[in-house]
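Note: the block below is input-v7.txt and it holds compact mmCIF, C-alpha atoms.
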# COMPACT_ATOMS: atom_id res chain seq x y z
CA MET A 1 16.45 -2.87 6.14
CA MET A 2 13.03 -1.63 5.09
CA HIS A 3 9.96 -3.62 6.04
CA VAL A 4 6.49 -4.27 4.75
CA VAL A 5 3.96 -5.86 7.09
CA CYS A 6 1.30 -7.95 5.34
CA LEU A 7 -1.87 -8.53 7.35
CA ASP A 8 -4.82 -10.76 6.67
CA LEU A 9 -8.13 -8.87 6.93
CA GLU A 10 -10.93 -11.14 8.19
CA GLY A 11 -10.24 -12.58 11.63
CA VAL A 12 -7.32 -10.18 12.11
CA LEU A 13 -8.84 -6.70 11.69
CA ILE A 14 -12.53 -7.32 11.00
CA PRO A 15 -14.91 -10.21 11.72
CA GLU A 16 -15.50 -12.85 9.05
CA ILE A 17 -17.72 -11.17 6.43
CA TRP A 18 -19.54 -14.37 5.44
CA LYS A 19 -20.46 -15.10 9.06
CA GLY A 20 -22.13 -11.69 9.11
CA VAL A 21 -24.05 -12.53 5.96
CA ALA A 22 -25.09 -15.88 7.45
CA SER A 23 -26.25 -14.21 10.64
CA LEU A 24 -28.39 -11.52 8.99
CA THR A 25 -29.88 -13.78 6.36
CA GLY A 26 -30.37 -16.70 8.75
CA ILE A 27 -28.75 -19.05 6.21
CA GLU A 28 -26.74 -21.38 8.45
CA SER A 29 -24.85 -22.98 5.57
CA LEU A 30 -23.08 -19.69 4.84
CA ASN A 31 -21.12 -20.10 8.08
CA ARG A 32 -18.48 -22.20 6.31
CA THR A 33 -15.09 -20.45 6.07
CA THR A 34 -11.59 -21.32 4.89
CA ARG A 35 -11.09 -22.75 8.36
CA ASP A 36 -13.62 -25.48 7.46
CA GLU A 37 -12.89 -25.75 3.73
CA PRO A 38 -9.28 -25.00 2.77
CA ASP A 39 -10.12 -25.15 -0.98
CA TYR A 40 -11.12 -21.55 -1.51
CA ASP A 41 -12.47 -21.99 -5.02
CA LYS A 42 -14.74 -24.80 -3.88
CA LEU A 43 -15.94 -22.70 -0.94
CA MET A 44 -16.79 -19.71 -3.13
CA HIS A 45 -18.80 -21.73 -5.65
CA TYR A 46 -20.73 -23.20 -2.72
CA ARG A 47 -21.43 -19.71 -1.32
CA LEU A 48 -22.49 -18.09 -4.60
CA GLU A 49 -24.80 -21.00 -5.35
CA ILE A 50 -26.53 -20.51 -2.00
CA LEU A 51 -26.85 -16.74 -2.52
CA ASP A 52 -28.34 -17.23 -5.96
CA ARG A 53 -30.81 -19.84 -4.70
CA HIS A 54 -31.98 -17.33 -2.04
CA ARG A 55 -31.93 -14.41 -4.52
CA ILE A 56 -29.47 -12.44 -2.41
CA GLY A 57 -27.54 -9.86 -4.45
CA MET A 58 -25.02 -7.10 -3.83
CA ASN A 59 -27.59 -4.71 -2.33
CA GLU A 60 -28.57 -7.19 0.40
CA ILE A 61 -24.98 -8.04 1.20
CA ARG A 62 -23.97 -4.37 1.27
CA GLN A 63 -26.55 -3.88 4.05
CA VAL A 64 -24.85 -6.54 6.15
CA ILE A 65 -21.36 -5.31 5.46
CA GLY A 66 -22.33 -1.73 6.22
CA SER A 67 -23.18 -2.80 9.77
CA ILE A 68 -19.95 -4.72 10.41
CA GLN A 69 -17.44 -2.93 12.63
CA PRO A 70 -13.69 -3.57 12.84
CA LEU A 71 -12.65 -5.86 15.71
CA GLU A 72 -12.20 -4.06 19.02
CA GLY A 73 -8.80 -2.37 19.05
CA ALA A 74 -8.14 -3.02 15.37
CA VAL A 75 -8.21 0.63 14.23
CA ALA A 76 -5.83 1.81 16.96
CA PHE A 77 -3.50 -1.13 16.29
CA LEU A 78 -3.44 -0.52 12.54
CA ASP A 79 -2.94 3.25 12.99
CA TRP A 80 -0.01 2.55 15.30
CA LEU A 81 1.57 0.17 12.81
CA ARG A 82 1.07 2.47 9.81
CA GLY A 83 2.82 5.28 11.66
CA ARG A 84 5.93 3.08 11.90
CA THR A 85 6.20 0.98 8.77
CA GLN A 86 4.48 0.10 5.51
CA VAL A 87 1.40 -2.11 5.72
CA ILE A 88 -0.44 -3.96 2.96
CA ILE A 89 -3.58 -5.99 3.64
CA LEU A 90 -3.57 -9.30 1.76
CA SER A 91 -7.06 -10.75 1.71
CA ASP A 92 -9.01 -13.36 -0.22
CA THR A 93 -12.14 -11.28 0.10
CA PHE A 94 -13.54 -9.13 -2.73
CA TYR A 95 -13.02 -5.42 -3.14
CA GLU A 96 -16.79 -4.91 -3.44
CA PHE A 97 -17.25 -6.47 0.02
CA ALA A 98 -14.24 -4.84 1.65
CA GLN A 99 -14.77 -1.27 0.45
CA PRO A 100 -17.21 -0.01 3.14
CA LEU A 101 -14.95 -1.52 5.82
CA LEU A 102 -11.75 0.00 4.43
CA GLY A 103 -13.01 3.48 5.25
CA LYS A 104 -13.50 2.41 8.88
CA LEU A 105 -9.86 1.25 8.88
CA ASN A 106 -8.66 4.61 7.43
CA HIS A 107 -8.05 3.22 3.94
CA PRO A 108 -5.10 0.88 4.22
CA THR A 109 -3.79 -0.50 0.91
CA ILE A 110 -5.42 -3.87 0.18
CA PHE A 111 -4.70 -6.56 -2.40
CA CYS A 112 -7.72 -8.83 -2.91
CA HIS A 113 -10.13 -10.10 -5.59
CA ASN A 114 -13.16 -8.85 -7.55
CA LEU A 115 -16.78 -9.94 -7.79
CA GLU A 116 -18.66 -10.08 -11.06
CA ILE A 117 -21.94 -8.23 -10.69
CA ASP A 118 -24.59 -7.80 -13.39
CA SER A 119 -26.81 -4.77 -13.97
CA ASP A 120 -29.45 -6.19 -11.60
CA ALA A 121 -26.87 -6.30 -8.76
CA ARG A 122 -26.84 -10.08 -8.95
CA ILE A 123 -23.47 -11.63 -8.10
CA THR A 124 -22.79 -13.75 -11.15
CA GLY A 125 -19.31 -14.90 -10.28
CA TYR A 126 -15.92 -13.80 -9.07
CA THR A 127 -12.46 -13.17 -10.41
CA LEU A 128 -9.47 -14.44 -8.48
CA ARG A 129 -6.80 -11.90 -9.41
CA GLN A 130 -4.36 -14.79 -9.32
CA LYS A 131 -3.99 -18.18 -7.63
CA ASP A 132 -2.11 -18.13 -4.32
CA GLN A 133 -2.06 -14.33 -4.49
CA LYS A 134 -0.90 -13.85 -0.89
CA ARG A 135 2.28 -15.83 -1.44
CA LYS A 136 2.90 -14.09 -4.77
CA ALA A 137 2.44 -10.65 -3.23
CA VAL A 138 5.00 -11.48 -0.53
CA GLU A 139 7.44 -12.74 -3.17
CA ALA A 140 6.92 -9.58 -5.24
CA LEU A 141 7.62 -7.39 -2.20
CA ARG A 142 10.77 -9.38 -1.39
CA SER A 143 11.92 -8.90 -5.01
CA LEU A 144 11.76 -5.16 -4.22
CA ASN A 145 14.28 -5.78 -1.38
CA TYR A 146 11.72 -5.51 1.39
CA GLU A 147 11.88 -7.66 4.48
CA VAL A 148 8.32 -8.96 4.78
CA ILE A 149 6.60 -9.78 8.06
CA SER A 150 3.13 -11.24 7.77
CA ALA A 151 0.33 -12.15 10.16
CA GLY A 152 -2.78 -14.22 9.56
CA ASP A 153 -5.19 -16.57 11.27
CA SER A 154 -6.19 -19.23 8.79
CA TYR A 155 -5.34 -21.86 6.18
CA ASN A 156 -5.26 -19.39 3.31
CA ASP A 157 -2.58 -17.41 5.16
CA LEU A 158 -0.06 -20.23 5.51
CA SER A 159 1.67 -19.79 2.15
CA MET A 160 1.94 -16.05 2.91
CA LEU A 161 3.55 -16.79 6.27
CA GLU A 162 5.91 -19.33 4.73
CA ALA A 163 7.01 -16.97 1.95
CA SER A 164 7.70 -14.13 4.40
CA ASN A 165 10.91 -13.42 6.29
CA HIS A 166 8.83 -13.72 9.46
CA GLY A 167 5.36 -15.24 9.77
CA ILE A 168 3.13 -14.70 12.81
CA LEU A 169 -0.14 -16.45 13.65
CA PHE A 170 -2.97 -14.39 15.16
CA HIS A 171 -5.84 -16.26 16.88
CA PRO A 172 -5.29 -19.41 14.78
CA PRO A 173 -7.32 -22.62 15.14
CA GLU A 174 -5.61 -25.28 17.26
CA GLN A 175 -4.94 -27.54 14.27
CA ILE A 176 -2.78 -24.89 12.64
CA VAL A 177 -0.87 -24.26 15.87
CA ARG A 178 -0.12 -28.00 16.07
CA ASP A 179 0.84 -28.39 12.39
CA PHE A 180 2.94 -25.20 12.06
CA PRO A 181 4.99 -24.86 15.26
CA GLN A 182 7.52 -22.65 13.43
CA PHE A 183 5.22 -19.60 13.60
CA PRO A 184 4.82 -17.65 16.86
CA VAL A 185 1.22 -17.53 18.07
CA THR A 186 -0.34 -14.26 19.21
CA LEU A 187 -3.74 -13.85 20.80
CA SER A 188 -4.05 -10.06 21.18
CA TYR A 189 -3.03 -6.86 19.37
CA SER A 190 -0.69 -6.23 22.26
CA ALA A 191 1.13 -9.54 21.63
CA LEU A 192 1.08 -9.06 17.83
CA GLY A 193 2.30 -5.49 18.27
CA LYS A 194 5.18 -6.74 20.41
CA GLU A 195 6.24 -9.32 17.81
CA LEU A 196 6.11 -6.68 15.09
CA ALA A 197 7.88 -3.96 17.10
CA ASP A 198 10.77 -6.37 17.75
CA ARG A 199 11.09 -7.04 14.01
CA ILE A 200 10.88 -3.44 12.78
CA SER A 201 12.95 -2.02 15.68
CA SER A 202 10.08 0.20 16.80
CA ASP A 203 9.05 1.46 20.22
CA PRO A 204 6.64 -1.07 21.83
CA TYR A 205 2.91 -1.15 21.01
CA PRO A 206 1.18 0.73 23.85
CA GLY A 207 -2.13 -1.18 23.50
CA MET B 1 -9.59 -5.56 -13.93
CA MET B 2 -8.14 -4.37 -10.62
CA HIS B 3 -5.99 -1.27 -10.54
CA VAL B 4 -3.14 0.16 -8.53
CA VAL B 5 -2.33 3.83 -8.95
CA CYS B 6 1.34 4.71 -8.34
CA LEU B 7 2.01 8.35 -7.51
CA ASP B 8 5.25 10.22 -7.15
CA LEU B 9 5.45 12.18 -3.88
CA GLU B 10 7.47 15.38 -4.29
CA GLY B 11 6.03 17.75 -6.86
CA VAL B 12 2.81 15.72 -7.00
CA LEU B 13 1.53 15.68 -3.39
CA ILE B 14 4.09 17.70 -1.43
CA PRO B 15 6.66 20.35 -2.37
CA GLU B 16 10.26 19.31 -3.08
CA ILE B 17 11.78 18.48 0.33
CA TRP B 18 15.30 19.60 -0.62
CA LYS B 19 14.04 23.00 -1.79
CA GLY B 20 12.58 23.43 1.71
CA VAL B 21 15.92 22.52 3.25
CA ALA B 22 17.68 24.97 0.93
CA SER B 23 15.24 27.74 1.80
CA LEU B 24 15.50 27.35 5.61
CA THR B 25 19.25 26.86 5.69
CA GLY B 26 19.93 29.51 3.06
CA ILE B 27 22.19 27.10 1.19
CA GLU B 28 21.41 27.90 -2.44
CA SER B 29 23.30 24.89 -3.82
CA LEU B 30 20.77 22.52 -2.20
CA ASN B 31 18.17 23.71 -4.72
CA ARG B 32 19.31 21.14 -7.28
CA THR B 33 16.73 18.41 -7.93
CA THR B 34 16.34 15.45 -10.27
CA ARG B 35 14.94 17.96 -12.75
CA ASP B 36 18.44 19.50 -12.96
CA GLU B 37 20.53 16.35 -12.39
CA PRO B 38 18.91 13.15 -13.70
CA ASP B 39 21.65 10.99 -12.10
CA TYR B 40 20.12 10.50 -8.68
CA ASP B 41 23.16 8.90 -7.07
CA LYS B 42 25.37 11.79 -8.15
CA LEU B 43 22.81 14.28 -6.85
CA MET B 44 22.59 12.60 -3.42
CA HIS B 45 26.35 12.47 -2.87
CA TYR B 46 26.45 16.17 -3.77
CA ARG B 47 23.70 16.93 -1.24
CA LEU B 48 25.11 14.89 1.64
CA GLU B 49 28.54 16.44 1.14
CA ILE B 50 27.02 19.91 1.46
CA LEU B 51 25.06 18.97 4.58
CA ASP B 52 28.14 17.50 6.21
CA ARG B 53 30.22 20.56 5.37
CA HIS B 54 27.57 22.77 7.04
CA ARG B 55 27.15 20.33 9.96
CA ILE B 56 23.44 19.87 9.28
CA GLY B 57 22.08 16.60 10.67
CA MET B 58 18.72 14.86 10.99
CA ASN B 59 17.51 17.15 13.79
CA GLU B 60 17.94 20.29 11.67
CA ILE B 61 16.32 18.72 8.64
CA ARG B 62 13.40 17.38 10.70
CA GLN B 63 12.66 20.99 11.69
CA VAL B 64 12.33 21.97 8.05
CA ILE B 65 10.28 18.94 7.10
CA GLY B 66 7.97 19.40 10.07
CA SER B 67 6.95 22.77 8.64
CA ILE B 68 6.28 21.53 5.09
CA GLN B 69 2.60 21.17 4.19
CA PRO B 70 1.11 19.02 1.42
CA LEU B 71 0.38 20.91 -1.80
CA GLU B 72 -2.98 22.68 -1.81
CA GLY B 73 -5.71 20.16 -2.62
CA ALA B 74 -3.39 17.16 -2.29
CA VAL B 75 -5.03 15.62 0.79
CA ALA B 76 -8.56 15.85 -0.64
CA PHE B 77 -7.37 14.45 -3.96
CA LEU B 78 -5.53 11.53 -2.34
CA ASP B 79 -8.48 10.76 -0.03
CA TRP B 80 -10.82 10.71 -3.04
CA LEU B 81 -8.52 8.35 -4.93
CA ARG B 82 -7.98 6.00 -1.97
CA GLY B 83 -11.73 5.65 -1.56
CA ARG B 84 -11.92 4.26 -5.11
CA THR B 85 -8.82 2.22 -5.81
CA GLN B 86 -5.47 1.13 -4.38
CA VAL B 87 -2.71 3.73 -4.22
CA ILE B 88 1.00 3.27 -3.59
CA ILE B 89 3.40 6.21 -3.42
CA LEU B 90 6.66 5.51 -5.26
CA SER B 91 9.27 8.02 -4.21
CA ASP B 92 13.05 8.39 -4.34
CA THR B 93 12.99 10.24 -1.05
CA PHE B 94 13.94 8.63 2.27
CA TYR B 95 11.54 7.24 4.82
CA GLU B 96 13.16 9.36 7.55
CA PHE B 97 12.32 12.52 5.57
CA ALA B 98 8.88 11.43 4.43
CA GLN B 99 7.52 10.15 7.75
CA PRO B 100 6.27 13.47 9.27
CA LEU B 101 4.57 14.26 5.95
CA LEU B 102 2.90 10.86 5.60
CA GLY B 103 0.74 11.56 8.65
CA LYS B 104 -0.49 14.76 6.97
CA LEU B 105 -1.46 12.64 3.95
CA ASN B 106 -3.34 10.11 6.16
CA HIS B 107 -0.64 7.44 5.91
CA PRO B 108 -0.69 6.21 2.33
CA THR B 109 1.58 3.23 1.61
CA ILE B 110 4.96 4.43 0.35
CA PHE B 111 7.91 2.61 -1.22
CA CYS B 112 11.11 4.67 -0.94
CA HIS B 113 14.67 4.53 0.45
CA ASN B 114 16.47 4.80 3.81
CA LEU B 115 19.03 7.19 5.25
CA GLU B 116 21.97 6.02 7.34
CA ILE B 117 22.08 8.05 10.54
CA ASP B 118 24.66 7.70 13.29
CA SER B 119 24.10 8.09 17.05
CA ASP B 120 24.86 11.84 16.81
CA ALA B 121 22.01 12.27 14.27
CA ARG B 122 24.56 12.90 11.54
CA ILE B 123 23.46 11.64 8.11
CA THR B 124 26.36 9.39 7.13
CA GLY B 125 24.90 8.00 3.92
CA TYR B 126 21.88 6.48 2.32
CA THR B 127 20.63 3.12 1.13
CA LEU B 128 18.89 2.87 -2.20
CA ARG B 129 16.54 -0.06 -1.64
CA GLN B 130 17.20 -0.97 -5.24
CA LYS B 131 18.20 0.73 -8.49
CA ASP B 132 15.32 1.92 -10.67
CA GLN B 133 12.95 0.99 -7.84
CA LYS B 134 9.93 2.78 -9.34
CA ARG B 135 10.03 0.71 -12.51
CA LYS B 136 10.60 -2.49 -10.53
CA ALA B 137 7.68 -1.76 -8.23
CA VAL B 138 5.39 -1.28 -11.24
CA GLU B 139 6.63 -4.54 -12.77
CA ALA B 140 6.06 -6.36 -9.47
CA LEU B 141 2.49 -5.03 -9.27
CA ARG B 142 1.82 -6.06 -12.86
CA SER B 143 3.12 -9.56 -12.04
CA LEU B 144 0.30 -9.65 -9.46
CA ASN B 145 -2.18 -9.06 -12.32
CA TYR B 146 -2.79 -5.44 -11.48
CA GLU B 147 -3.34 -2.83 -14.16
CA VAL B 148 -0.99 -0.04 -13.09
CA ILE B 149 -1.62 3.65 -13.71
CA SER B 150 1.14 5.99 -12.63
CA ALA B 151 1.63 9.73 -12.39
CA GLY B 152 4.79 11.74 -11.85
CA ASP B 153 6.44 15.02 -12.69
CA SER B 154 10.12 14.41 -13.25
CA TYR B 155 12.98 12.48 -14.85
CA ASN B 156 13.08 9.82 -12.16
CA ASP B 157 9.41 9.03 -12.91
CA LEU B 158 9.84 8.24 -16.59
CA SER B 159 10.74 4.56 -16.21
CA MET B 160 7.74 4.17 -13.88
CA LEU B 161 5.44 5.76 -16.46
CA GLU B 162 6.90 3.61 -19.24
CA ALA B 163 6.49 0.38 -17.27
CA SER B 164 2.87 1.15 -16.38
CA ASN B 165 -0.24 0.30 -18.39
CA HIS B 166 -0.95 4.04 -18.41
CA GLY B 167 1.47 6.83 -17.53
CA ILE B 168 0.38 10.39 -16.78
CA LEU B 169 2.55 13.50 -16.38
CA PHE B 170 1.66 16.01 -13.67
CA HIS B 171 3.19 19.50 -13.89
CA PRO B 172 6.22 18.27 -15.84
CA PRO B 173 9.04 20.50 -17.10
CA GLU B 174 8.68 21.51 -20.76
CA GLN B 175 11.62 19.35 -21.84
CA ILE B 176 9.85 16.17 -20.66
CA VAL B 177 6.63 17.19 -22.39
CA ARG B 178 8.57 17.62 -25.64
CA ASP B 179 10.57 14.40 -25.32
CA PHE B 180 7.72 12.14 -24.15
CA PRO B 181 4.61 13.08 -26.15
CA GLN B 182 3.07 9.65 -25.46
CA PHE B 183 2.10 10.64 -21.90
CA PRO B 184 -0.94 12.87 -21.27
CA VAL B 185 -0.03 16.07 -19.42
CA THR B 186 -2.11 17.25 -16.45
CA LEU B 187 -1.70 20.55 -14.62
CA SER B 188 -4.25 20.23 -11.78
CA TYR B 189 -5.71 17.57 -9.46
CA SER B 190 -8.96 18.05 -11.32
CA ALA B 191 -7.29 17.09 -14.62
CA LEU B 192 -5.30 14.25 -13.03
CA GLY B 193 -8.45 13.03 -11.28
CA LYS B 194 -10.30 13.00 -14.61
CA GLU B 195 -7.56 10.95 -16.31
CA LEU B 196 -7.58 8.48 -13.40
CA ALA B 197 -11.38 8.26 -13.12
CA ASP B 198 -11.58 7.37 -16.82
CA ARG B 199 -9.08 4.55 -16.31
CA ILE B 200 -10.57 3.05 -13.14
CA SER B 201 -14.20 3.55 -14.27
CA SER B 202 -14.94 5.76 -11.28
CA ASP B 203 -17.29 8.70 -10.84
CA PRO B 204 -15.50 11.95 -11.77
CA TYR B 205 -13.21 13.78 -9.34
CA PRO B 206 -15.31 16.58 -7.83
CA GLY B 207 -12.31 18.88 -7.15

What would the structure in this file look like if it were written as structure tokens?
Amino acid sequence: MMHVVCLDLEGVLIPEIWKGVASLTGIESLNRTTRDEPDYDKLMHYRLEILDRHRIGMNEIRQVIGSIQPLEGAVAFLDWLRGRTQVIILSDTFYEFAQPLLGKLNHPTIFCHNLEIDSDARITGYTLRQKDQKRKAVEALRSLNYEVISAGDSYNDLSMLEASNHGILFHPPEQIVRDFPQFPVTLSYSALGKELADRISSDPYPG
Amino acid sequence: MMHVVCLDLEGVLIPEIWKGVASLTGIESLNRTTRDEPDYDKLMHYRLEILDRHRIGMNEIRQVIGSIQPLEGAVAFLDWLRGRTQVIILSDTFYEFAQPLLGKLNHPTIFCHNLEIDSDARITGYTLRQKDQKRKAVEALRSLNYEVISAGDSYNDLSMLEASNHGILFHPPEQIVRDFPQFPVTLSYSALGKELADRISSDPYPG
């Protein structure tokens, strides 16, 4: 059986991008994430409205994102995994945000969304490539006869985990642990690596 | 519009693996490829029968594959492309063959097939993940609202090129050029990079 491992990006391999933007700009209200507001569309309209009110465009946000580093151990973990099986990052972030970070992760394949940016580098909107894209990507991979194992940390990962042959939680909030006892909970790359190695019949993760 | 570029592996990024096996083992009859025999299943049974007759197992073939290098310019070209869009390799090779070469290509995502290997490292058979997997992968990606651009060199790439929004031939045999005039023909990474850059609205390929 051939496997594809689908990983969430923010909270699993890199810090939350919007928290970084909130921190650098000092705009507290940008600290909301999908953990606080499960309706992603609602959350994004809220964020873009705030950015526009503060006249923050792509150039300002690129500065923040350029200074974000992958989570400690993330690069080694991802390199290990990619040497053993196929990995696709499924993220509800935007390619324009993710791009400078993807280089730091050695360019894994990512499926995400796009921002709409005008000629003055103002973020005018966003394009969701499709609704519930994480679940649909898992279903598409299963239609190609792949066994899909996925790992994520948040509300927008749950349909991905449910659609997969095996779903794994990584550093989830307590509410999710309580509501979704069917998914194993991992709190380190070592533990996540062990869960994955068992599934793909690999040697254990040395981290 | 978000893009995924699907690339064939052998003949596009690395030399034909079976030609390498033929060359090292001196078994001329292993030089057949999908260019000579479009029926892939027939070709594979023919190959495995020859290997078994000569008592050549995974260990011997790994030696050959370990000495194969990517085509000249392939790594720089693939790195350039992966910095600009999403790339998935669609290959009818086997993961067990491809793995040592994937590291040399900086671990792109690959969809391919699996060999069946027994405990004595004898290749006992193979598992096609699915029939016409290249076309099905393109269709799956399009169902995720991706615009798919694909490039390949041989008969087993034609259904992939046809299913894509844009298909590009790379170093194809003359017969394919004659029979499929709808696909642009490229003979260098520079030309292929130009075709791709036009489609994904990227800066030109500097190679």

- Could you pull the residues within 7 Å of segment 148-161 of chain B, counting all atoms listed in the file, minus those fewer than 2 positions along the same chain, as a ChimeraX atom specification? /B:3-8,11-12,34-35,38,134-135,138,142,146,163-172

- Query: Hey, can you check how far atom CA of Glu96 of chain A sits from atom CA of Gly83 of chain A?
  - Reply: 26.8 Å

- Work out how far atom CA of Thr93 of chain A is from atom CA of Ser202 of chain B, in Å to one decimal.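 Pair atom CA of Ser202 of chain B / atom CA of Thr93 of chain A returns 20.7 Å.
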
- Taking all atoms listed in the file into account, report as a PyMOL selection string which residues of chain B lie within 10 Å of chain A. chain B and resi 1-4+79+82-88+95+99-100+102-103+106-114+127-131+133-134+136-137+139-146

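For the residues B:Thr25, B:Gln175, B:Ser119, B:Ser188, ranking by smallest atom-to-atom distance to Ile56 of chain B using all atoms listed in the file places B:Thr25 first.
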
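The interatomic distance for the pair atom CA of Leu90 of chain B and atom CA of Pro15 of chain B works out to 15.1 Å.
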
- Task: Can you pull out every residue within 12 Å of Ala76 of chain B, counting all atoms listed in the file, but drop anything in the same chain fewer than 4 positions away, and send it as a list of chain:residue names?
- Result: B:Leu13, B:Pro70, B:Leu71, B:Glu72, B:Trp80, B:Leu81, B:Arg82, B:Gly83, B:Lys104, B:Leu105, B:Asn106, B:Tyr189, B:Ser190, B:Gly193, B:Tyr205, B:Pro206, B:Gly207

Residues just named, written with C-alpha atoms as a short mmCIF file (atom, residue, chain, number, x, y, z; two decimals), keeping the file's coordinate frame:
data_model
loop_
_atom_site.label_atom_id
_atom_site.label_comp_id
_atom_site.auth_asym_id
_atom_site.auth_seq_id
_atom_site.Cartn_x
_atom_site.Cartn_y
_atom_site.Cartn_z
CA LEU B 13 1.53 15.68 -3.39
CA PRO B 70 1.11 19.02 1.42
CA LEU B 71 0.38 20.91 -1.80
CA GLU B 72 -2.98 22.68 -1.81
CA TRP B 80 -10.82 10.71 -3.04
CA LEU B 81 -8.52 8.35 -4.93
CA ARG B 82 -7.98 6.00 -1.97
CA GLY B 83 -11.73 5.65 -1.56
CA LYS B 104 -0.49 14.76 6.97
CA LEU B 105 -1.46 12.64 3.95
CA ASN B 106 -3.34 10.11 6.16
CA TYR B 189 -5.71 17.57 -9.46
CA SER B 190 -8.96 18.05 -11.32
CA GLY B 193 -8.45 13.03 -11.28
CA TYR B 205 -13.21 13.78 -9.34
CA PRO B 206 -15.31 16.58 -7.83
CA GLY B 207 -12.31 18.88 -7.15
#

- Message: Which residues are near Ser29 of chain A? Cut-off 9 Å, all atoms listed in the file, ignore same chain within fewer than 5 positions. Put them as a list in words.
- Response: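 That gives Ala22, Arg47 and Ile50 of chain A.
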
Mind writing the picked residues with C-alpha atoms as a short mmCIF file (atom, residue, chain, number, x, y, z; two decimals), in the coordinates of the input?
data_model
loop_
_atom_site.label_atom_id
_atom_site.label_comp_id
_atom_site.auth_asym_id
_atom_site.auth_seq_id
_atom_site.Cartn_x
_atom_site.Cartn_y
_atom_site.Cartn_z
CA ALA A 22 -25.09 -15.88 7.45
CA ARG A 47 -21.43 -19.71 -1.32
CA ILE A 50 -26.53 -20.51 -2.00
#

- Message: Taking 2 positions as the minimum chain separation for residues in the same chain, which residues sit within 12 Å of Thr124 of chain A when counting all atoms listed in the file? Answer as a list in words.
- Response: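 My list of contacting residues is Met44, His45, Arg47, Leu48, Glu49, Ile50, Leu51, Asp52, Arg53, Arg55, Ile56, Gly57, Met58, Asn114, Leu115, Glu116, Ile117, Asp118, Ser119, Asp120, Ala121, Arg122, Tyr126 and Thr127 of chain A.
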
Serialized selection, C-alpha atoms, as a CSV table (one decimal), keeping the file's coordinate frame:
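What follows is the written file result12.csv:
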chain,number,residue,atom,x,y,z
A,44,MET,CA,-16.8,-19.7,-3.1
A,45,HIS,CA,-18.8,-21.7,-5.6
A,47,ARG,CA,-21.4,-19.7,-1.3
A,48,LEU,CA,-22.5,-18.1,-4.6
A,49,GLU,CA,-24.8,-21.0,-5.4
A,50,ILE,CA,-26.5,-20.5,-2.0
A,51,LEU,CA,-26.8,-16.7,-2.5
A,52,ASP,CA,-28.3,-17.2,-6.0
A,53,ARG,CA,-30.8,-19.8,-4.7
A,55,ARG,CA,-31.9,-14.4,-4.5
A,56,ILE,CA,-29.5,-12.4,-2.4
A,57,GLY,CA,-27.5,-9.9,-4.4
A,58,MET,CA,-25.0,-7.1,-3.8
A,114,ASN,CA,-13.2,-8.8,-7.6
A,115,LEU,CA,-16.8,-9.9,-7.8
A,116,GLU,CA,-18.7,-10.1,-11.1
A,117,ILE,CA,-21.9,-8.2,-10.7
A,118,ASP,CA,-24.6,-7.8,-13.4
A,119,SER,CA,-26.8,-4.8,-14.0
A,120,ASP,CA,-29.4,-6.2,-11.6
A,121,ALA,CA,-26.9,-6.3,-8.8
A,122,ARG,CA,-26.8,-10.1,-9.0
A,126,TYR,CA,-15.9,-13.8,-9.1
A,127,THR,CA,-12.5,-13.2,-10.4
